[in-house]
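K.L.:
Sending over final.pdb (PDB, C-alpha atoms).
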ATOM      1  CA  MET H   1       0.000   0.000   0.000
ATOM      2  CA  PHE H   2       2.836   2.395   0.899
ATOM      3  CA  THR H   3       4.467   1.735  -2.473
ATOM      4  CA  ILE H   4       1.227   2.369  -4.369
ATOM      5  CA  ASN H   5       0.530   5.617  -2.513
ATOM      6  CA  ARG H   6       4.084   6.824  -3.031
ATOM      7  CA  SER H   7       3.889   6.062  -6.751
ATOM      8  CA  LEU H   8       0.575   7.887  -6.958
ATOM      9  CA  HIS H   9       2.010  10.928  -5.190
ATOM     10  CA  ILE H  10       4.972  11.003  -7.569
ATOM     11  CA  PHE H  11       2.631  10.710 -10.547
ATOM     12  CA  ILE H  12       0.487  13.608  -9.310
ATOM     13  CA  LEU H  13       3.598  15.685  -8.667
ATOM     14  CA  LEU H  14       4.871  15.083 -12.190
ATOM     15  CA  ILE H  15       1.509  16.118 -13.647
ATOM     16  CA  GLY H  16       1.630  19.268 -11.557
ATOM     17  CA  LEU H  17       5.128  20.131 -12.697
ATOM     18  CA  SER H  18       4.133  19.507 -16.302
ATOM     19  CA  ASN H  19       1.184  21.875 -15.971
ATOM     20  CA  ILE H  20       3.380  24.538 -14.389
ATOM     21  CA  PHE H  21       5.865  24.216 -17.229
ATOM     22  CA  GLN H  22       3.127  24.501 -19.858
ATOM     23  CA  VAL H  23       1.629  27.586 -18.238
ATOM     24  CA  SER H  24       5.040  29.232 -17.848
ATOM     25  CA  ALA H  25       5.845  28.604 -21.500
ATOM     26  CA  GLN H  26       2.468  29.990 -22.582
ATOM     27  CA  GLU H  27       2.871  33.097 -20.424
ATOM     28  CA  TYR H  28       6.508  33.718 -21.374
ATOM     29  CA  PRO H  29       7.713  36.394 -21.177
ATOM     30  CA  ASN H  30       6.095  37.844 -18.079
ATOM     31  CA  LYS H  31       9.000  40.165 -17.201
ATOM     32  CA  PRO H  32      11.700  42.030 -19.169
ATOM     33  CA  VAL H  33      14.162  39.919 -21.154
ATOM     34  CA  ARG H  34      17.826  40.903 -21.356
ATOM     35  CA  VAL H  35      19.519  40.521 -24.761
ATOM     36  CA  ILE H  36      23.292  40.660 -24.443
ATOM     37  CA  VAL H  37      25.162  42.032 -27.458
ATOM     38  CA  PRO H  38      28.848  41.210 -26.924
ATOM     39  CA  PHE H  39      30.017  44.303 -28.833
ATOM     40  CA  ALA H  40      29.881  48.069 -28.426
ATOM     41  CA  VAL H  41      26.902  50.309 -29.149
ATOM     42  CA  GLY H  42      26.535  51.334 -32.793
ATOM     43  CA  GLY H  43      28.132  48.320 -34.451
ATOM     44  CA  GLY H  44      26.441  45.924 -36.836
ATOM     45  CA  ALA H  45      25.343  43.491 -34.123
ATOM     46  CA  ASP H  46      23.903  46.314 -32.032
ATOM     47  CA  ILE H  47      21.909  47.682 -34.978
ATOM     48  CA  VAL H  48      20.413  44.264 -35.722
ATOM     49  CA  ALA H  49      19.560  43.621 -32.068
ATOM     50  CA  ARG H  50      17.780  46.939 -31.589
ATOM     51  CA  LEU H  51      15.764  46.631 -34.794
ATOM     52  CA  VAL H  52      14.678  43.046 -34.206
ATOM     53  CA  PHE H  53      14.015  43.114 -30.480
ATOM     54  CA  GLN H  54      12.146  46.398 -30.519
ATOM     55  CA  LYS H  55       9.702  44.725 -32.905
ATOM     56  CA  LEU H  56       9.596  41.581 -30.771
ATOM     57  CA  SER H  57       8.799  43.717 -27.708
ATOM     58  CA  THR H  58       5.782  45.096 -29.572
ATOM     59  CA  ARG H  59       4.619  41.634 -30.619
ATOM     60  CA  LEU H  60       4.905  40.043 -27.166
ATOM     61  CA  GLY H  61       4.007  43.063 -25.025
ATOM     62  CA  GLN H  62       7.140  42.773 -22.920
ATOM     63  CA  SER H  63      10.488  44.602 -22.955
ATOM     64  CA  PHE H  64      13.519  43.009 -24.593
ATOM     65  CA  VAL H  65      16.364  45.153 -23.283
ATOM     66  CA  VAL H  66      19.602  45.302 -25.287
ATOM     67  CA  ASP H  67      22.639  45.096 -22.995
ATOM     68  CA  ASN H  68      25.976  45.851 -24.710
ATOM     69  CA  ARG H  69      28.843  43.893 -23.135
ATOM     70  CA  GLY H  70      31.837  44.573 -25.370
ATOM     71  CA  GLY H  71      35.318  43.231 -24.719
ATOM     72  CA  ALA H  72      37.737  40.434 -25.598
ATOM     73  CA  GLY H  73      36.465  40.063 -29.153
ATOM     74  CA  GLY H  74      32.950  39.253 -27.988
ATOM     75  CA  ILE H  75      34.068  36.573 -25.533
ATOM     76  CA  ALA H  76      33.073  38.432 -22.345
ATOM     77  CA  GLY H  77      29.440  39.023 -23.294
ATOM     78  CA  THR H  78      29.062  35.590 -24.849
ATOM     79  CA  ASP H  79      30.368  33.938 -21.701
ATOM     80  CA  ALA H  80      27.896  35.921 -19.575
ATOM     81  CA  VAL H  81      25.036  34.286 -21.472
ATOM     82  CA  ALA H  82      26.621  30.830 -21.281
ATOM     83  CA  LYS H  83      26.583  31.119 -17.479
ATOM     84  CA  ALA H  84      23.138  32.746 -17.168
ATOM     85  CA  SER H  85      20.050  30.992 -15.829
ATOM     86  CA  PRO H  86      18.405  28.938 -18.616
ATOM     87  CA  ASP H  87      14.960  30.462 -18.117
ATOM     88  CA  GLY H  88      14.601  32.451 -21.333
ATOM     89  CA  TYR H  89      15.226  35.804 -19.669
ATOM     90  CA  THR H  90      18.830  36.156 -20.871
ATOM     91  CA  LEU H  91      19.505  35.834 -24.595
ATOM     92  CA  LEU H  92      22.549  36.341 -26.806
ATOM     93  CA  LEU H  93      22.884  38.220 -30.065
ATOM     94  CA  GLY H  94      25.457  35.797 -31.436
ATOM     95  CA  GLN H  95      27.921  36.410 -34.233
ATOM     96  CA  THR H  96      30.379  34.445 -36.334
ATOM     97  CA  GLY H  97      33.415  35.588 -34.322
ATOM     98  CA  PRO H  98      32.565  34.638 -30.739
ATOM     99  CA  ASN H  99      30.361  31.683 -31.651
ATOM    100  CA  ALA H 100      32.292  30.009 -34.470
ATOM    101  CA  ILE H 101      35.782  31.507 -34.871
ATOM    102  CA  ASN H 102      37.122  32.406 -31.410
ATOM    103  CA  PRO H 103      37.041  28.862 -29.988
ATOM    104  CA  SER H 104      39.710  27.915 -32.546
ATOM    105  CA  LEU H 105      41.653  31.182 -32.387
ATOM    106  CA  PHE H 106      42.339  31.002 -28.650
ATOM    107  CA  SER H 107      43.850  28.102 -26.759
ATOM    108  CA  GLN H 108      41.067  28.506 -24.207
ATOM    109  CA  VAL H 109      37.702  30.241 -24.168
ATOM    110  CA  PRO H 110      35.456  30.077 -21.087
ATOM    111  CA  TYR H 111      32.533  28.491 -22.939
ATOM    112  CA  ASP H 112      31.848  25.704 -25.394
ATOM    113  CA  PRO H 113      30.114  27.169 -28.481
ATOM    114  CA  GLU H 114      27.804  24.178 -28.860
ATOM    115  CA  ARG H 115      27.473  22.582 -25.445
ATOM    116  CA  ASP H 116      26.745  25.844 -23.568
ATOM    117  CA  PHE H 117      24.114  27.322 -25.880
ATOM    118  CA  ALA H 118      20.700  26.498 -27.275
ATOM    119  CA  PRO H 119      20.348  27.790 -30.860
ATOM    120  CA  ILE H 120      17.147  29.719 -31.532
ATOM    121  CA  ILE H 121      17.408  31.321 -34.975
ATOM    122  CA  GLN H 122      19.808  32.781 -37.499
ATOM    123  CA  LEU H 123      18.670  36.333 -38.190
ATOM    124  CA  THR H 124      20.922  37.656 -40.939
ATOM    125  CA  SER H 125      24.120  37.196 -42.899
ATOM    126  CA  PHE H 126      26.395  39.513 -44.824
ATOM    127  CA  SER H 127      29.199  39.096 -47.307
ATOM    128  CA  TYR H 128      32.527  40.809 -47.895
ATOM    129  CA  VAL H 129      33.715  42.726 -50.912
ATOM    130  CA  ILE H 130      37.266  42.317 -52.183
ATOM    131  CA  GLY H 131      38.157  45.951 -52.739
ATOM    132  CA  LEU H 132      41.465  46.841 -54.425
ATOM    133  CA  ASN H 133      43.003  50.275 -54.248
ATOM    134  CA  ASN H 134      42.761  52.039 -57.593
ATOM    135  CA  GLN H 135      46.512  51.900 -58.188
ATOM    136  CA  ILE H 136      46.434  48.121 -58.742
ATOM    137  CA  PRO H 137      46.410  47.336 -62.500
ATOM    138  CA  ALA H 138      43.774  44.619 -62.358
ATOM    139  CA  LYS H 139      40.327  44.898 -63.905
ATOM    140  CA  ASN H 140      38.931  41.731 -62.372
ATOM    141  CA  LEU H 141      39.652  39.038 -59.801
ATOM    142  CA  GLN H 142      41.437  36.707 -62.231
ATOM    143  CA  GLU H 143      43.874  39.432 -63.214
ATOM    144  CA  PHE H 144      44.562  40.275 -59.578
ATOM    145  CA  ILE H 145      45.187  36.640 -58.638
ATOM    146  CA  GLN H 146      47.666  36.398 -61.491
ATOM    147  CA  LEU H 147      49.489  39.506 -60.204
ATOM    148  CA  VAL H 148      49.733  38.045 -56.705
ATOM    149  CA  LYS H 149      51.072  34.729 -57.985
ATOM    150  CA  GLU H 150      53.691  36.485 -60.102
ATOM    151  CA  ASN H 151      54.776  38.716 -57.184
ATOM    152  CA  PRO H 152      54.706  36.655 -53.986
ATOM    153  CA  GLY H 153      54.967  38.773 -50.825
ATOM    154  CA  LYS H 154      54.332  42.076 -52.612
ATOM    155  CA  TYR H 155      50.640  42.562 -51.938
ATOM    156  CA  SER H 156      48.886  43.148 -48.606
ATOM    157  CA  PHE H 157      45.352  42.985 -47.260
ATOM    158  CA  ALA H 158      43.811  44.999 -44.444
ATOM    159  CA  SER H 159      41.385  43.602 -41.907
ATOM    160  CA  ALA H 160      39.439  44.894 -38.897
ATOM    161  CA  GLY H 161      41.931  43.157 -36.592
ATOM    162  CA  MET H 162      43.731  39.933 -35.766
ATOM    163  CA  GLY H 163      41.267  37.066 -35.800
ATOM    164  CA  SER H 164      38.466  39.154 -37.313
ATOM    165  CA  SER H 165      36.043  37.425 -39.639
ATOM    166  CA  GLY H 166      37.456  39.571 -42.471
ATOM    167  CA  GLN H 167      40.933  38.141 -41.868
ATOM    168  CA  ILE H 168      39.546  34.619 -41.782
ATOM    169  CA  ALA H 169      37.720  35.278 -45.070
ATOM    170  CA  ALA H 170      41.015  36.416 -46.583
ATOM    171  CA  GLU H 171      42.824  33.327 -45.297
ATOM    172  CA  GLN H 172      40.106  31.147 -46.818
ATOM    173  CA  PHE H 173      40.480  33.054 -50.099
ATOM    174  CA  MET H 174      44.275  32.605 -50.185
ATOM    175  CA  ARG H 175      44.014  28.885 -49.567
ATOM    176  CA  THR H 176      41.353  28.490 -52.225
ATOM    177  CA  THR H 177      43.254  30.481 -54.858
ATOM    178  CA  GLY H 178      46.785  29.385 -53.987
ATOM    179  CA  THR H 179      47.912  32.955 -53.287
ATOM    180  CA  LYS H 180      49.842  34.556 -50.440
ATOM    181  CA  MET H 181      49.450  38.131 -49.180
ATOM    182  CA  ILE H 182      50.674  40.036 -46.132
ATOM    183  CA  HIS H 183      48.092  40.649 -43.412
ATOM    184  CA  VAL H 184      47.881  44.194 -41.989
ATOM    185  CA  PRO H 185      45.470  44.272 -39.014
ATOM    186  CA  TYR H 186      43.683  47.494 -38.036
ATOM    187  CA  LYS H 187      41.521  48.502 -35.084
ATOM    188  CA  GLY H 188      38.274  48.293 -36.978
ATOM    189  CA  GLY H 189      36.931  47.982 -40.495
ATOM    190  CA  GLY H 190      36.759  51.766 -41.055
ATOM    191  CA  PRO H 191      40.514  52.428 -40.773
ATOM    192  CA  ALA H 192      41.218  49.326 -42.881
ATOM    193  CA  LEU H 193      38.997  50.625 -45.670
ATOM    194  CA  ILE H 194      40.535  54.136 -45.506
ATOM    195  CA  ASP H 195      44.073  52.803 -45.935
ATOM    196  CA  ALA H 196      43.008  50.485 -48.751
ATOM    197  CA  MET H 197      41.533  53.459 -50.618
ATOM    198  CA  ALA H 198      44.685  55.494 -49.917
ATOM    199  CA  GLY H 199      46.955  52.782 -51.308
ATOM    200  CA  VAL H 200      48.692  52.083 -48.000
ATOM    201  CA  VAL H 201      47.583  48.473 -48.429
ATOM    202  CA  THR H 202      46.573  46.617 -51.558
ATOM    203  CA  LEU H 203      43.060  45.618 -50.635
ATOM    204  CA  THR H 204      40.549  44.960 -47.923
ATOM    205  CA  PHE H 205      37.860  42.370 -47.397
ATOM    206  CA  GLY H 206      35.288  45.038 -46.580
ATOM    207  CA  ASP H 207      31.875  44.786 -44.952
ATOM    208  CA  ILE H 208      29.513  45.182 -47.907
ATOM    209  CA  ALA H 209      27.414  47.941 -46.311
ATOM    210  CA  ALA H 210      30.473  50.069 -45.518
ATOM    211  CA  ILE H 211      32.327  49.559 -48.767
ATOM    212  CA  THR H 212      29.436  49.929 -51.240
ATOM    213  CA  PRO H 213      29.312  53.775 -51.172
ATOM    214  CA  MET H 214      33.077  53.860 -51.804
ATOM    215  CA  VAL H 215      32.698  51.482 -54.760
ATOM    216  CA  GLN H 216      29.882  53.573 -56.206
ATOM    217  CA  ALA H 217      32.049  56.693 -55.826
ATOM    218  CA  ASN H 218      34.921  54.933 -57.690
ATOM    219  CA  ARG H 219      37.191  55.331 -54.687
ATOM    220  CA  ILE H 220      37.943  51.611 -54.562
ATOM    221  CA  ASN H 221      37.816  48.841 -57.157
ATOM    222  CA  ALA H 222      35.486  45.992 -56.200
ATOM    223  CA  VAL H 223      36.498  42.829 -58.038
ATOM    224  CA  ALA H 224      34.384  40.208 -56.239
ATOM    225  CA  VAL H 225      31.926  39.519 -53.437
ATOM    226  CA  THR H 226      32.372  36.518 -51.158
ATOM    227  CA  SER H 227      28.768  35.292 -50.967
ATOM    228  CA  LYS H 228      27.350  32.434 -53.033
ATOM    229  CA  ASN H 229      25.121  34.804 -54.976
ATOM    230  CA  ARG H 230      25.603  38.339 -56.205
ATOM    231  CA  SER H 231      24.698  41.143 -53.830
ATOM    232  CA  LYS H 232      21.643  43.360 -54.314
ATOM    233  CA  PHE H 233      23.925  46.259 -53.398
ATOM    234  CA  LEU H 234      26.500  45.545 -56.103
ATOM    235  CA  PRO H 235      24.691  43.426 -58.699
ATOM    236  CA  ASN H 236      27.351  43.992 -61.360
ATOM    237  CA  ILE H 237      30.173  42.607 -59.211
ATOM    238  CA  PRO H 238      30.738  38.842 -59.678
ATOM    239  CA  THR H 239      31.190  36.403 -56.833
ATOM    240  CA  VAL H 240      34.470  34.620 -56.132
ATOM    241  CA  ALA H 241      32.679  31.415 -57.115
ATOM    242  CA  GLU H 242      31.713  32.889 -60.501
ATOM    243  CA  SER H 243      35.283  34.033 -61.019
ATOM    244  CA  GLY H 244      36.632  30.516 -61.267
ATOM    245  CA  TYR H 245      36.365  29.072 -57.750
ATOM    246  CA  PRO H 246      33.057  27.177 -57.547
ATOM    247  CA  GLY H 247      31.658  26.657 -54.073
ATOM    248  CA  PHE H 248      33.599  29.493 -52.455
ATOM    249  CA  GLU H 249      31.643  31.337 -49.770
ATOM    250  CA  ALA H 250      32.830  33.515 -46.894
ATOM    251  CA  ILE H 251      30.111  35.295 -44.961
ATOM    252  CA  ALA H 252      29.413  36.459 -41.435
ATOM    253  CA  TRP H 253      26.112  36.109 -39.599
ATOM    254  CA  GLN H 254      24.064  37.260 -36.625
ATOM    255  CA  ALA H 255      21.773  35.039 -34.633
ATOM    256  CA  VAL H 256      19.928  34.526 -31.354
ATOM    257  CA  LEU H 257      20.947  31.913 -28.796
ATOM    258  CA  ALA H 258      19.981  31.082 -25.223
ATOM    259  CA  PRO H 259      21.827  29.325 -22.417
ATOM    260  CA  ALA H 260      21.852  25.543 -22.754
ATOM    261  CA  LYS H 261      18.924  23.756 -21.071
ATOM    262  CA  THR H 262      16.501  26.601 -21.758
ATOM    263  CA  PRO H 263      13.076  24.862 -22.027
ATOM    264  CA  PRO H 264      12.305  23.763 -25.596
ATOM    265  CA  ALA H 265       8.855  25.385 -25.408
ATOM    266  CA  ILE H 266      10.475  28.783 -24.844
ATOM    267  CA  ILE H 267      13.037  28.170 -27.603
ATOM    268  CA  ASN H 268      10.259  27.258 -30.027
ATOM    269  CA  LYS H 269       8.113  30.238 -29.051
ATOM    270  CA  LEU H 270      11.007  32.638 -29.585
ATOM    271  CA  ASN H 271      11.849  30.977 -32.890
ATOM    272  CA  PHE H 272       8.275  31.359 -34.147
ATOM    273  CA  GLU H 273       8.017  34.989 -33.057
ATOM    274  CA  LEU H 274      11.417  35.959 -34.473
ATOM    275  CA  ASN H 275      10.585  34.319 -37.798
ATOM    276  CA  GLU H 276       7.449  36.486 -37.843
ATOM    277  CA  VAL H 277       9.533  39.582 -37.083
ATOM    278  CA  LEU H 278      11.786  38.773 -40.042
ATOM    279  CA  LYS H 279       8.717  38.696 -42.295
ATOM    280  CA  ASP H 280       7.778  42.265 -41.344
ATOM    281  CA  ASN H 281       8.290  44.527 -44.375
ATOM    282  CA  GLU H 282       9.611  47.469 -42.346
ATOM    283  CA  ILE H 283      12.171  45.298 -40.536
ATOM    284  CA  ARG H 284      13.223  43.619 -43.763
ATOM    285  CA  GLU H 285      13.770  46.959 -45.510
ATOM    286  CA  LYS H 286      15.862  48.298 -42.630
ATOM    287  CA  LEU H 287      18.008  45.177 -42.399
ATOM    288  CA  ILE H 288      18.525  45.019 -46.156
ATOM    289  CA  SER H 289      19.472  48.723 -46.216
ATOM    290  CA  ASN H 290      22.308  47.817 -43.829
ATOM    291  CA  GLY H 291      23.707  45.291 -46.309
ATOM    292  CA  LEU H 292      22.171  42.256 -44.633
ATOM    293  CA  GLU H 293      20.541  39.159 -46.076
ATOM    294  CA  ILE H 294      17.504  37.844 -44.189
ATOM    295  CA  ALA H 295      17.861  34.302 -42.826
ATOM    296  CA  GLY H 296      15.285  32.715 -40.472
ATOM    297  CA  GLY H 297      14.514  29.020 -40.104
ATOM    298  CA  SER H 298      14.242  26.488 -37.297
ATOM    299  CA  PRO H 299      16.430  25.967 -34.212
ATOM    300  CA  LYS H 300      17.646  22.664 -35.681
ATOM    301  CA  GLU H 301      18.625  24.268 -38.972
ATOM    302  CA  PHE H 302      20.606  26.922 -37.153
ATOM    303  CA  GLY H 303      22.169  24.347 -34.823
ATOM    304  CA  ASP H 304      23.337  22.290 -37.802
ATOM    305  CA  TYR H 305      24.709  25.428 -39.439
ATOM    306  CA  ILE H 306      26.712  26.435 -36.330
ATOM    307  CA  HIS H 307      28.115  22.902 -36.158
ATOM    308  CA  SER H 308      29.372  23.127 -39.743
ATOM    309  CA  GLU H 309      30.696  26.692 -39.292
ATOM    310  CA  ILE H 310      32.751  25.796 -36.211
ATOM    311  CA  ARG H 311      34.424  22.946 -38.050
ATOM    312  CA  LYS H 312      35.014  25.011 -41.192
ATOM    313  CA  TYR H 313      36.749  27.796 -39.290
ATOM    314  CA  LYS H 314      38.740  25.365 -37.201
ATOM    315  CA  ARG H 315      40.188  23.873 -40.382
ATOM    316  CA  ILE H 316      40.975  27.302 -41.890
ATOM    317  CA  ILE H 317      42.605  28.577 -38.692
ATOM    318  CA  GLN H 318      44.694  25.441 -38.233
ATOM    319  CA  GLU H 319      45.883  25.504 -41.857
ATOM    320  CA  ALA H 320      46.797  29.209 -41.573
ATOM    321  CA  ASN H 321      48.420  28.625 -38.170
ATOM    322  CA  ILE H 322      46.633  31.600 -36.586
ATOM    323  CA  LYS H 323      46.701  31.883 -32.786
ATOM    324  CA  LEU H 324      45.943  34.898 -30.615
ATOM    325  CA  ASP H 325      47.501  33.597 -27.387
TER     326      ASP H 325
END
Output the file's structure as structure tokens, nothing else.
P.N.:
Amino acid sequence: MFTINRSLHIFILLIGLSNIFQVSAQEYPNKPVRVIVPFAVGGGADIVARLVFQKLSTRLGQSFVVDNRGGAGGIAGTDAVAKASPDGYTLLLGQTGPNAINPSLFSQVPYDPERDFAPIIQLTSFSYVIGLNNQIPAKNLQEFIQLVKENPGKYSFASAGMGSSGQIAAEQFMRTTGTKMIHVPYKGGGPALIDAMAGVVTLTFGDIAAITPMVQANRINAVAVTSKNRSKFLPNIPTVAESGYPGFEAIAWQAVLAPAKTPPAIINKLNFELNEVLKDNEIREKLISNGLEIAGGSPKEFGDYIHSEIRKYKRIIQEANIKLD
């Protein structure tokens, strides 16, 4: 009798907990949600976060507060989310660097990019433009590659800094094309682009939104974009893949993640709502005007994508022998 009663009590308790979980998922969020952006105010990740989560706040009737936690190449803010309570009230605006590149760049990072996070949705992606200074006598990418091969060690590329996604894109490009250039790291994409236009360096792998006005003003020579398909911003510029290297793609992305063990019902609710936000015409226009491609999709699709990205960048970084510590 004691065993039967105990089993019954446990069964009733489990039903009660299940009901509580269902109600909490249905009522989520019932207090403000903190969205950590692991970079400074005003950058690309910050712009995306504020656009998307302001709209989500309107949809769900609850505040989603953007909290900028810059430092250590995005590691500090990313780690804060990894160690947060998995209740759906702390989210991460993830990016390629801290979530896919940094774990291979540093001998140690304080989080595991897969084990410590629950993927929710990929929001956007953006490509790079290979922009040559106007002094380089190359009309297209094939001509430039030939110049580099004929003059090893002569040409240089600028990036936003050591270990930046622009540098990694350049390393991927050199390995694909069999070329070798000198890396010149800067403290940000803006200074890198300025020196490329001035002829201090040969080229930059520039953020498409930042470099497009300079291309249109003929201040820099765009010879290729690094996405699979041509950009809406520069439709006349071919892709690297079109230029003789099928399958080449080097892009960066922004996404939303939660701490691992966040309840699946909350993950799925956020995924649904964020997919709806990405369908909003006003949001789409604003994101596209910032040089971004709209993504979306399921948590599983994004999880599979992160898995493949981590392994891709690990291979590139190991082959290029890049280490930041």
K.L.:
Restricting the calculation to only C-alpha atoms: of H:Leu56, H:Ile145, H:Leu105, H:Ile194, which residue gets closest to Ser243 of chain H?
P.N.:
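Nearest to Ser243 of chain H: H:Ile145.
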K.L.:
Can you tell me how far atom CA of Ala118 of chain H sits from atom CA of Glu171 of chain H, in Å to one decimal?
P.N.:
29.3 Å
K.L.:
Just give me the gap between atom CA of Phe64 of chain H and atom CA of Pro110 of chain H in Å, one decimal is fine.
P.N.:
25.7 Å
K.L.:
Return the single residue from H:Ala49, H:Ile121, H:Val200, H:Val81 that is closest to Tyr305 of chain H, with distances computed using all atoms listed in the file.
P.N.:
H:Ile121
K.L.:
For the atom pair atom CA of Ala196 of chain H and atom CA of Phe144 of chain H, what is the interatomic distance in Å to one decimal place?
P.N.:
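Going from atom CA of Ala196 of chain H over to atom CA of Phe144 of chain H covers 15.0 Å.
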K.L.:
Pick out the closest residue to Ala170 of chain H from this set: H:Met197, H:Ala250, H:Ala217, H:Ala192. Count only C-alpha atoms.
P.N.:
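With only C-alpha atoms as the atom set, the closest residue is H:Ala250.
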K.L.:
I'd like the contact shell of Gly131 of chain H - 6 Å cut-off, all atoms listed in the file, skipping same-chain residues fewer than 5 positions apart - returned as a PyMOL selection string.
P.N.:
chain H and resi 203-204+220-222
K.L.:
Let me know the residues the PyMOL selection byres ((chain H and resi 75) around 12) catches in the file above, as an mmCIF file with C-alpha atoms, in the frame of the given file.
P.N.:
data_model
loop_
_atom_site.group_PDB
_atom_site.id
_atom_site.type_symbol
_atom_site.label_atom_id
_atom_site.label_comp_id
_atom_site.auth_asym_id
_atom_site.auth_seq_id
_atom_site.Cartn_x
_atom_site.Cartn_y
_atom_site.Cartn_z
ATOM 1 C CA ILE H 36 23.292 40.660 -24.443
ATOM 2 C CA VAL H 37 25.162 42.032 -27.458
ATOM 3 C CA PRO H 38 28.848 41.210 -26.924
ATOM 4 C CA PHE H 39 30.017 44.303 -28.833
ATOM 5 C CA ARG H 69 28.843 43.893 -23.135
ATOM 6 C CA GLY H 70 31.837 44.573 -25.370
ATOM 7 C CA GLY H 71 35.318 43.231 -24.719
ATOM 8 C CA ALA H 72 37.737 40.434 -25.598
ATOM 9 C CA GLY H 73 36.465 40.063 -29.153
ATOM 10 C CA GLY H 74 32.950 39.253 -27.988
ATOM 11 C CA ALA H 76 33.073 38.432 -22.345
ATOM 12 C CA GLY H 77 29.440 39.023 -23.294
ATOM 13 C CA THR H 78 29.062 35.590 -24.849
ATOM 14 C CA ASP H 79 30.368 33.938 -21.701
ATOM 15 C CA ALA H 80 27.896 35.921 -19.575
ATOM 16 C CA VAL H 81 25.036 34.286 -21.472
ATOM 17 C CA ALA H 82 26.621 30.830 -21.281
ATOM 18 C CA LEU H 92 22.549 36.341 -26.806
ATOM 19 C CA GLY H 94 25.457 35.797 -31.436
ATOM 20 C CA GLN H 95 27.921 36.410 -34.233
ATOM 21 C CA THR H 96 30.379 34.445 -36.334
ATOM 22 C CA GLY H 97 33.415 35.588 -34.322
ATOM 23 C CA PRO H 98 32.565 34.638 -30.739
ATOM 24 C CA ASN H 99 30.361 31.683 -31.651
ATOM 25 C CA ALA H 100 32.292 30.009 -34.470
ATOM 26 C CA ILE H 101 35.782 31.507 -34.871
ATOM 27 C CA ASN H 102 37.122 32.406 -31.410
ATOM 28 C CA PRO H 103 37.041 28.862 -29.988
ATOM 29 C CA LEU H 105 41.653 31.182 -32.387
ATOM 30 C CA PHE H 106 42.339 31.002 -28.650
ATOM 31 C CA GLN H 108 41.067 28.506 -24.207
ATOM 32 C CA VAL H 109 37.702 30.241 -24.168
ATOM 33 C CA PRO H 110 35.456 30.077 -21.087
ATOM 34 C CA TYR H 111 32.533 28.491 -22.939
ATOM 35 C CA ASP H 112 31.848 25.704 -25.394
ATOM 36 C CA PRO H 113 30.114 27.169 -28.481
#
K.L.:
Could you expand the PyMOL selection byres ((chain H and resi 179) around 9) into the explicit residues it covers here, written as a ChimeraX atom specification?
P.N.:
/H:145-146,148-149,152,173-178,180-181
K.L.:
Let me see the file: selected residues, C-alpha atoms, as an mmCIF file, keeping the file's coordinate frame.
P.N.:
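And here is the file that came out, selection_37.cif:
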data_model
loop_
_atom_site.group_PDB
_atom_site.id
_atom_site.type_symbol
_atom_site.label_atom_id
_atom_site.label_comp_id
_atom_site.auth_asym_id
_atom_site.auth_seq_id
_atom_site.Cartn_x
_atom_site.Cartn_y
_atom_site.Cartn_z
ATOM 1 C CA ILE H 145 45.187 36.640 -58.638
ATOM 2 C CA GLN H 146 47.666 36.398 -61.491
ATOM 3 C CA VAL H 148 49.733 38.045 -56.705
ATOM 4 C CA LYS H 149 51.072 34.729 -57.985
ATOM 5 C CA PRO H 152 54.706 36.655 -53.986
ATOM 6 C CA PHE H 173 40.480 33.054 -50.099
ATOM 7 C CA MET H 174 44.275 32.605 -50.185
ATOM 8 C CA ARG H 175 44.014 28.885 -49.567
ATOM 9 C CA THR H 176 41.353 28.490 -52.225
ATOM 10 C CA THR H 177 43.254 30.481 -54.858
ATOM 11 C CA GLY H 178 46.785 29.385 -53.987
ATOM 12 C CA LYS H 180 49.842 34.556 -50.440
ATOM 13 C CA MET H 181 49.450 38.131 -49.180
#
K.L.:
Name the residues in contact with Leu274 of chain H at a cut-off of 12 Å, using only C-alpha atoms, excluding same-chain residues fewer than 6 positions from it; report them as a list in words.
P.N.:
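Close residues of Leu274 of chain H: Ala49, Leu51, Val52, Phe53, Gln54, Lys55, Leu56, Ser57, Thr58, Arg59, Leu60, Ile120, Ile121, Gln122, Leu123, Thr124, Ala255, Val256, Leu257, Ile267, Asn268, Asp280, Ile283, Ile294, Ala295, Gly296, Gly297, Ser298 and Pro299 of chain H.
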K.L.:
I need every residue sitting at most 8 Å from the point (46.7, 29.3, -44.0) (coordinates as in the file, all atoms listed in the file considered), written as a list in words.
P.N.:
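Every residue inside that radius is included here: Glu171, Gln172, Met174, Arg175, Ile316, Ile317, Gln318, Glu319, Ala320, Asn321 and Ile322 of chain H.
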K.L.:
What's around segment 164-166 of chain H at 8 Å? Count all atoms listed in the file, leave out sequence neighbours fewer than 2 positions away in its own chain, and write the answer as a PyMOL selection string.
P.N.:
chain H and resi 96-97+101+128+159-162+168-170+205-206+252
K.L.:
With the PyMOL selection byres ((chain H and resi 32) around 8) as the selection, what would be picked from this file? Answer as a PyMOL selection string, please.
P.N.:
chain H and resi 29-31+33-34+62-65+89
K.L.:
Which residue, H:Gln167, H:Gln254, H:Lys286, H:Gln135, has the smallest gap to Ile306 of chain H when you use all atoms listed in the file?
P.N.:
H:Gln254
K.L.:
What's around Asn229 of chain H at 10 Å? Count only C-alpha atoms, leave out sequence neighbours fewer than 4 positions away in its own chain, and write the answer as a PDB file with C-alpha atoms, in the coordinates of the input.
P.N.:
ATOM      1  CA  SER H 127      29.199  39.096 -47.307  1.00  0.00           C
ATOM      2  CA  VAL H 225      31.926  39.519 -53.437  1.00  0.00           C
ATOM      3  CA  PRO H 235      24.691  43.426 -58.699  1.00  0.00           C
ATOM      4  CA  PRO H 238      30.738  38.842 -59.678  1.00  0.00           C
ATOM      5  CA  THR H 239      31.190  36.403 -56.833  1.00  0.00           C
ATOM      6  CA  VAL H 240      34.470  34.620 -56.132  1.00  0.00           C
ATOM      7  CA  ALA H 241      32.679  31.415 -57.115  1.00  0.00           C
ATOM      8  CA  GLU H 242      31.713  32.889 -60.501  1.00  0.00           C
ATOM      9  CA  GLU H 249      31.643  31.337 -49.770  1.00  0.00           C
TER      10      GLU H 249
END
